[in-house]
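Shown next, in structure tokens, is the structure this report addresses.
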Amino acid sequence: MNIFPENVSTYGQDIDQLFWLVLVFAGTAFVISVFILLYPLFKNHHSRIQRAKYITGEGKAHFKWVIIALCVLTMSDFIILFAEHHTWEEFETLPQQKDAEYIVTGRQWNWAFTYPGLDGNLGTADDVVIDEPNSELHVPLSKNVFFQLKAKDVLHSFFVVNSRLKQDCIPGRTITRWINFTKEGKYDISCAEICGIAHSQMRNFIVVESQEKYNTYIDSLYKQHSATAGGN
Amino acid sequence: MENQRSLSVPIIRVPQGRLAMWVLIAGELMIFGGLIACYLLYRLRYPEWADQAAHTSTLIGALNTIVLLTSSFTVVKAHEAANKMDLKKVVLWLSVSIGGGLLFLVNKGIEYTTEISHGFTFSSPHLQAGGDTIGSLFWSFYFFMTGLHGAHVIAGMVVMFLALLNARKGKNLHRVELAGMYWHMVDLIWIFLFPLLYIAK
Amino acid sequence: MAHTEHKQSFLSKYVFSTDHKTIGAQYTITGLFMAALGGFLAYVFRYNLAFPGENIPIFGQLAANQYNTFVTCHGMIMVFWVAMPILLAGFGNFLIPLMIGTDDMAFPKLNMLSYWTFLISAIVLVASFFVPTGAFGGAWTMYPPLSVNGYVDPNPSFFKALFYGSSLMILAVALEFTSILMGGINFVVTTINRRAPGMTPWRIPLAVWFINIATVIFMFSVGPLVAGAFMLLFDITLGTGFYDPARGGDPILFQHLFWFFGHPEVYVLLLPSLGVLGEIIPVFSRKPLFGYKKIIYLALLSAVLSVVVWAHHQFIAGIDPRMATFFSIGTILISIPFAGIFLAFMATLWGGKIKITLPMAWALGFIGLFLIGGLTGLFLGSNAFDIYAHDTYFVVAHFHYTLFPDIFFGFFAAFYFWFPKFTGKELKKGLGYLHFWLTFIFFNSTFFLLFFNGLGGQHRRINNYDLFSNINIEPYITFEKIATISAICLILSQTLFIYNFIVSWRAGKKAEKNPWQANTLEWVADSPPPHGNFETVPTVYHGAYEYSLPNMEADFLPQNVQAE
């Protein structure tokens, strides 16, 4: 059984692998510690021992074992830190190549999506905003997709389980994160920061599709939008 | 009760009250320290707060600084007098110190009234005298910091008054020192607030 | 005054008492009542999670906002109204004066005031359930803006806003802090000033050291949060904009202030329990505490480090990546001294003459479980994995694996260890072991599976996963059910403790003065210690852990007895 849900982003794999790496260290430490804890309970049971050894552990002779253990632990810690730093950078640093960008705004209790419109720029008059329950954000496959994450009222947290991306959205700030999806499909967007009564109802979808399908969708979306805008 | 008390023999002979007062002062300083740190972070983010700070009255602020410093000095005199068991002087110097606190509060009251009448209030998001909503946050900090400090001034005056009542009857003279320590703390905090809120413009 | 001194009425003996043992008992019992309330809340929302939409026995339907409220208050209660009173105030009051050989706290009246303030704070919190808005439901972290404008009315009047659940919770916490500060001043002053003759700093038992270090950490980290909580209260009631981004405020500021306190708070809760382990393990290993002085240095080091780790709770809150690395390193560094302390405890066992008794069982269970809690912290401390694990059940399981052993195993270890001292009675052993094993098993079956739920992507504070088709799947649904049933069993097992407590107290066998043959000064006093504790002031001749000294027949040497 796979303990993680299916991964569909380029950096998701690294994050999952990091878990196994830390598990190796933590597991080893756990086994050793349990041995250190349990062994004397059997070996030094009071029925077998005449008298305990008088060891204060103050001198170097004995305490050095603790120091050695701590040094090993520190080293493993820094190995983990070193290993994960690469993944953290990958996640934190935006790639040079930006293929698509959207604004995702959290509000009580829905995710609102903003497409750049025909001019391809966000923050212009022809932006298309979709703010409906259960709405979908369509993004192209295998492209560096950027999200400008915002919040309208309270804190929210943009969480796409299958991409491993989680990022708090903070009122008054714009935080840009990116995903490169590796598989087509429809994935949940949930909110991972408590945001009020309907926090559990805050669910939208991200639809990953091939460039052609995506283009078709976007075209029809923009057409539909300009039709309604023109009608007004 | 008394004979049970004497069972304990302190090893380090710091008077209990003084020790407790140090711990209390450390805790209080952390509260103000946190508050000042928050203020500084915002202040660095918003240079436009300088325009708001220009509306504070440096004159009254400076006057209040002098008043507090003087009353800190008179509290030291009260402590000296208490060491010499000179009860009359203790009462005198403590009264002067309390008077200093009172003068401080009066000045503060004048300041607050002027500021509020000019539309600088604790929570109003819009300022009458120009400035934007961000500027109003300066005033929130200003009123919170000086208000909390003012509350400590009042507390210090109450403590000194209690010490004075005790001293009149000649008992618990060590409380004069404790009240003085607290008063010095009140003074010290003001020394930080004054440049941060009034002078930095 | 004089003639009433010896005949204390019930009120002055048990209610308005200035005696440190009575106050300790008051704190502990209040804490246990709050624990029952916190446990009940947990039962209700766990039941709702496992069987969504069903009627909860002895409660009924749980609405979404109630779910939030219950989760929030469960956290608040367990940390501030169970762990703090029992571990810090309770242990501190019971142990400090007895262990350092004095009759009472430095300021007994302040001590009493501290308890009554605490009781009022608990009442304010419980009362907040009954105000129109209901108790606060925006998570125990109280992050603004939700805590500020979570209610419908945009411009409430001051008094209306003051009786919001959020305002009342802030007031309750503020009162609780005040109470612990008053108690803390007492602890520090008592320890510095009122030690028995000969009780030099390096002879003070570990428990007293650790309670004091915890107190100092508390007092130094709480200040900024007090200021921050006031700002939050002003935002709610007076309409200021300290955390309102539309008015130049910053909601992240509160997170910094909260965690600047919130993370050291973890150590505030951990250290007193570790101190208790430091007392119990040497006694039942008949061996000196391994590296006593070094343990204290490590604890002092961790106290210093504890103020540079807070932002690891905010890795995904959009803080500067360089800052994230800094706090990641800080987090790693602070794990080192605690690992050292636990290693030293385990090293104490080696070469000892180990007798498994009830307190020892709880102490060893503590170490074993905390190991899991501590090691899963490694996953969360590495910030890249935290992107995924943050705010999932992985975190929930992690901190329950640290806090549950800390609070309850620590408390029960202390309870079974010192019960004979403070009541003069023996506990029923069999019941005690049954209680231990049931608690141990059901605790694990409650929380271990939740790690997998977290890794599977189940995020926290969701009352119903129906909408999320990709995480609301088997085996997670079954895991939820197992966890819930285990949690109910875990809560029910505690009735054994209550039964044992009451029956043994009323009709238990009379205990010896020093049943475990321990060295520290509290065992010199009568059981139960009278008002004033000691008949004569004990004089201290050596450290607290002189077990199995060579050239001596007895394998222990009480602190007040001179070596031959």
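Quick note on naming: the chains in the structure tokens go A, B, ... in the order shown, residues restart at 1 in each chain, and ligands are numbered from 1 in order of appearance.
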
Shell of 6 Å around segment 138-153 of chain B, only C-alpha atoms, local chain residues under 3 positions omitted, as a list in words: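 That gives Phe122, Gly135 and Gly156 of chain B.
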
For the residues in the current selection, export C-alpha atoms as a PDB file, in the first residue's frame.
```pdb
ATOM      1  CA  PHE B 122      -7.128  55.002  19.314  1.00  0.00           C
ATOM      2  CA  GLY B 135      -1.161  56.524   9.732  1.00  0.00           C
ATOM      3  CA  GLY B 156       3.298  52.772  40.808  1.00  0.00           C
TER       4      GLY B 156
END
```

Find the residues around segment 67-84 of chain B up to 6 Å (only C-alpha atoms counted), leave out those fewer than 3 positions away in its own chain, and share them as a VMD selection string. chain B and resid 64 89 to 90 93 to 94 97 100 176 to 177 180 184 187

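Within 7 Å of chain B, counting only C-alpha atoms, chain C contributes Thr102, Asp103, Ile185, Val189, Asn193, Arg194, Arg195, Ala196, Pro197, Met219, Phe220, Gly223, Pro224, Val226, Ala227, Leu238, Gly239, Thr240, Gly241, Phe242, Arg247, Gly248, Gly532 and Val537 of chain C.
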
How about saving the chosen residues, N, CA and C atoms kept, as a PDB file, in the first residue's frame?
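The resulting file, out06.pdb, is shown below:
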```
ATOM      1  N   THR C 102      11.834  23.376  53.115  1.00  0.00           N
ATOM      2  CA  THR C 102      11.310  24.548  53.808  1.00  0.00           C
ATOM      3  C   THR C 102       9.849  24.288  54.160  1.00  0.00           C
ATOM      4  N   ASP C 103       9.268  25.204  54.908  1.00  0.00           N
ATOM      5  CA  ASP C 103       7.925  24.958  55.415  1.00  0.00           C
ATOM      6  C   ASP C 103       6.842  25.354  54.430  1.00  0.00           C
ATOM      7  N   ILE C 185       6.721  33.673  40.283  1.00  0.00           N
ATOM      8  CA  ILE C 185       7.533  34.526  41.155  1.00  0.00           C
ATOM      9  C   ILE C 185       7.799  33.785  42.452  1.00  0.00           C
ATOM     10  N   VAL C 189      11.539  32.709  43.778  1.00  0.00           N
ATOM     11  CA  VAL C 189      12.009  33.304  45.028  1.00  0.00           C
ATOM     12  C   VAL C 189      12.184  32.228  46.098  1.00  0.00           C
ATOM     13  N   ASN C 193      15.722  31.516  47.773  1.00  0.00           N
ATOM     14  CA  ASN C 193      15.861  32.125  49.089  1.00  0.00           C
ATOM     15  C   ASN C 193      15.610  31.214  50.271  1.00  0.00           C
ATOM     16  N   ARG C 194      14.849  30.149  50.085  1.00  0.00           N
ATOM     17  CA  ARG C 194      14.377  29.455  51.276  1.00  0.00           C
ATOM     18  C   ARG C 194      14.874  28.022  51.374  1.00  0.00           C
ATOM     19  N   ARG C 195      16.007  27.748  50.769  1.00  0.00           N
ATOM     20  CA  ARG C 195      16.508  26.383  50.837  1.00  0.00           C
ATOM     21  C   ARG C 195      17.021  26.051  52.231  1.00  0.00           C
ATOM     22  N   ALA C 196      16.915  24.784  52.593  1.00  0.00           N
ATOM     23  CA  ALA C 196      17.418  24.335  53.883  1.00  0.00           C
ATOM     24  C   ALA C 196      18.928  24.521  53.910  1.00  0.00           C
ATOM     25  N   PRO C 197      19.517  24.630  55.097  1.00  0.00           N
ATOM     26  CA  PRO C 197      20.967  24.786  55.169  1.00  0.00           C
ATOM     27  C   PRO C 197      21.661  23.620  54.467  1.00  0.00           C
ATOM     28  N   MET C 219       8.192  32.969  31.896  1.00  0.00           N
ATOM     29  CA  MET C 219       8.094  34.393  32.181  1.00  0.00           C
ATOM     30  C   MET C 219       8.749  35.233  31.104  1.00  0.00           C
ATOM     31  N   PHE C 220       9.790  34.681  30.464  1.00  0.00           N
ATOM     32  CA  PHE C 220      10.466  35.493  29.455  1.00  0.00           C
ATOM     33  C   PHE C 220       9.820  35.403  28.089  1.00  0.00           C
ATOM     34  N   GLY C 223       5.745  37.587  27.743  1.00  0.00           N
ATOM     35  CA  GLY C 223       5.544  39.036  27.689  1.00  0.00           C
ATOM     36  C   GLY C 223       5.040  39.545  26.350  1.00  0.00           C
ATOM     37  N   PRO C 224       5.769  39.268  25.261  1.00  0.00           N
ATOM     38  CA  PRO C 224       5.312  39.773  23.968  1.00  0.00           C
ATOM     39  C   PRO C 224       3.907  39.298  23.605  1.00  0.00           C
ATOM     40  N   VAL C 226       1.504  38.723  25.698  1.00  0.00           N
ATOM     41  CA  VAL C 226       0.553  39.520  26.476  1.00  0.00           C
ATOM     42  C   VAL C 226       0.240  40.799  25.719  1.00  0.00           C
ATOM     43  N   ALA C 227       1.306  41.476  25.244  1.00  0.00           N
ATOM     44  CA  ALA C 227       1.088  42.683  24.440  1.00  0.00           C
ATOM     45  C   ALA C 227       0.268  42.346  23.197  1.00  0.00           C
ATOM     46  N   LEU C 238     -12.510  47.249  20.246  1.00  0.00           N
ATOM     47  CA  LEU C 238     -12.471  48.693  20.035  1.00  0.00           C
ATOM     48  C   LEU C 238     -12.268  49.073  18.581  1.00  0.00           C
ATOM     49  N   GLY C 239     -12.126  48.084  17.722  1.00  0.00           N
ATOM     50  CA  GLY C 239     -12.026  48.392  16.309  1.00  0.00           C
ATOM     51  C   GLY C 239     -10.697  48.992  15.884  1.00  0.00           C
ATOM     52  N   THR C 240      -9.613  48.671  16.576  1.00  0.00           N
ATOM     53  CA  THR C 240      -8.306  49.097  16.088  1.00  0.00           C
ATOM     54  C   THR C 240      -7.898  48.191  14.926  1.00  0.00           C
ATOM     55  N   GLY C 241      -6.764  48.474  14.325  1.00  0.00           N
ATOM     56  CA  GLY C 241      -6.384  47.684  13.152  1.00  0.00           C
ATOM     57  C   GLY C 241      -5.002  47.084  13.247  1.00  0.00           C
ATOM     58  N   PHE C 242      -4.623  46.658  14.467  1.00  0.00           N
ATOM     59  CA  PHE C 242      -3.258  46.150  14.635  1.00  0.00           C
ATOM     60  C   PHE C 242      -2.966  44.985  13.683  1.00  0.00           C
ATOM     61  N   ARG C 247      -5.768  48.189   7.026  1.00  0.00           N
ATOM     62  CA  ARG C 247      -5.410  49.409   7.736  1.00  0.00           C
ATOM     63  C   ARG C 247      -3.937  49.440   8.108  1.00  0.00           C
ATOM     64  N   GLY C 248      -3.153  48.653   7.400  1.00  0.00           N
ATOM     65  CA  GLY C 248      -1.711  48.716   7.628  1.00  0.00           C
ATOM     66  C   GLY C 248      -1.206  47.700   8.627  1.00  0.00           C
ATOM     67  N   GLY C 532       3.548  23.122  57.591  1.00  0.00           N
ATOM     68  CA  GLY C 532       4.895  23.461  58.051  1.00  0.00           C
ATOM     69  C   GLY C 532       5.910  22.394  57.696  1.00  0.00           C
ATOM     70  N   VAL C 537      14.316  21.727  60.978  1.00  0.00           N
ATOM     71  CA  VAL C 537      14.854  22.019  59.653  1.00  0.00           C
ATOM     72  C   VAL C 537      15.876  20.953  59.295  1.00  0.00           C
TER      73      VAL C 537
END
```

Please, which residues of segment 47-219 of chain A, numbered as in this document, come out helix (DSSP H, G or I) from DSSP, as number ranges by chain? A: 60-92, 161-163, 199-201, 211-219

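When only C-alpha atoms are used to compute distances to Phe290 of chain C, the closest of the residues C:Leu349, C:Met105, C:Leu269, C:Leu403 turns out to be C:Leu349.
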
Selection: 8 Å around Phe129 of chain C, only C-alpha atoms, excl. self and same-chain fewer than 5 positions, as a list in words: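 The contact residues come out as Gly134, Ala135 and Gly165 of chain C.
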
Please save C-alpha atoms of the selected residues as a CSV table (one decimal), in the first residue's frame.
```csv
chain,number,residue,atom,x,y,z
C,134,GLY,CA,-20.6,30.4,21.7
C,135,ALA,CA,-17.0,29.7,22.7
C,165,GLY,CA,-16.2,33.9,22.6
```

Which is closer to Pro475 of chain C than all the others in C:Asn155, C:Phe452, C:Phe91, C:Phe497, using only C-alpha atoms?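 The answer is C:Phe452, which sits nearest to Pro475 of chain C.
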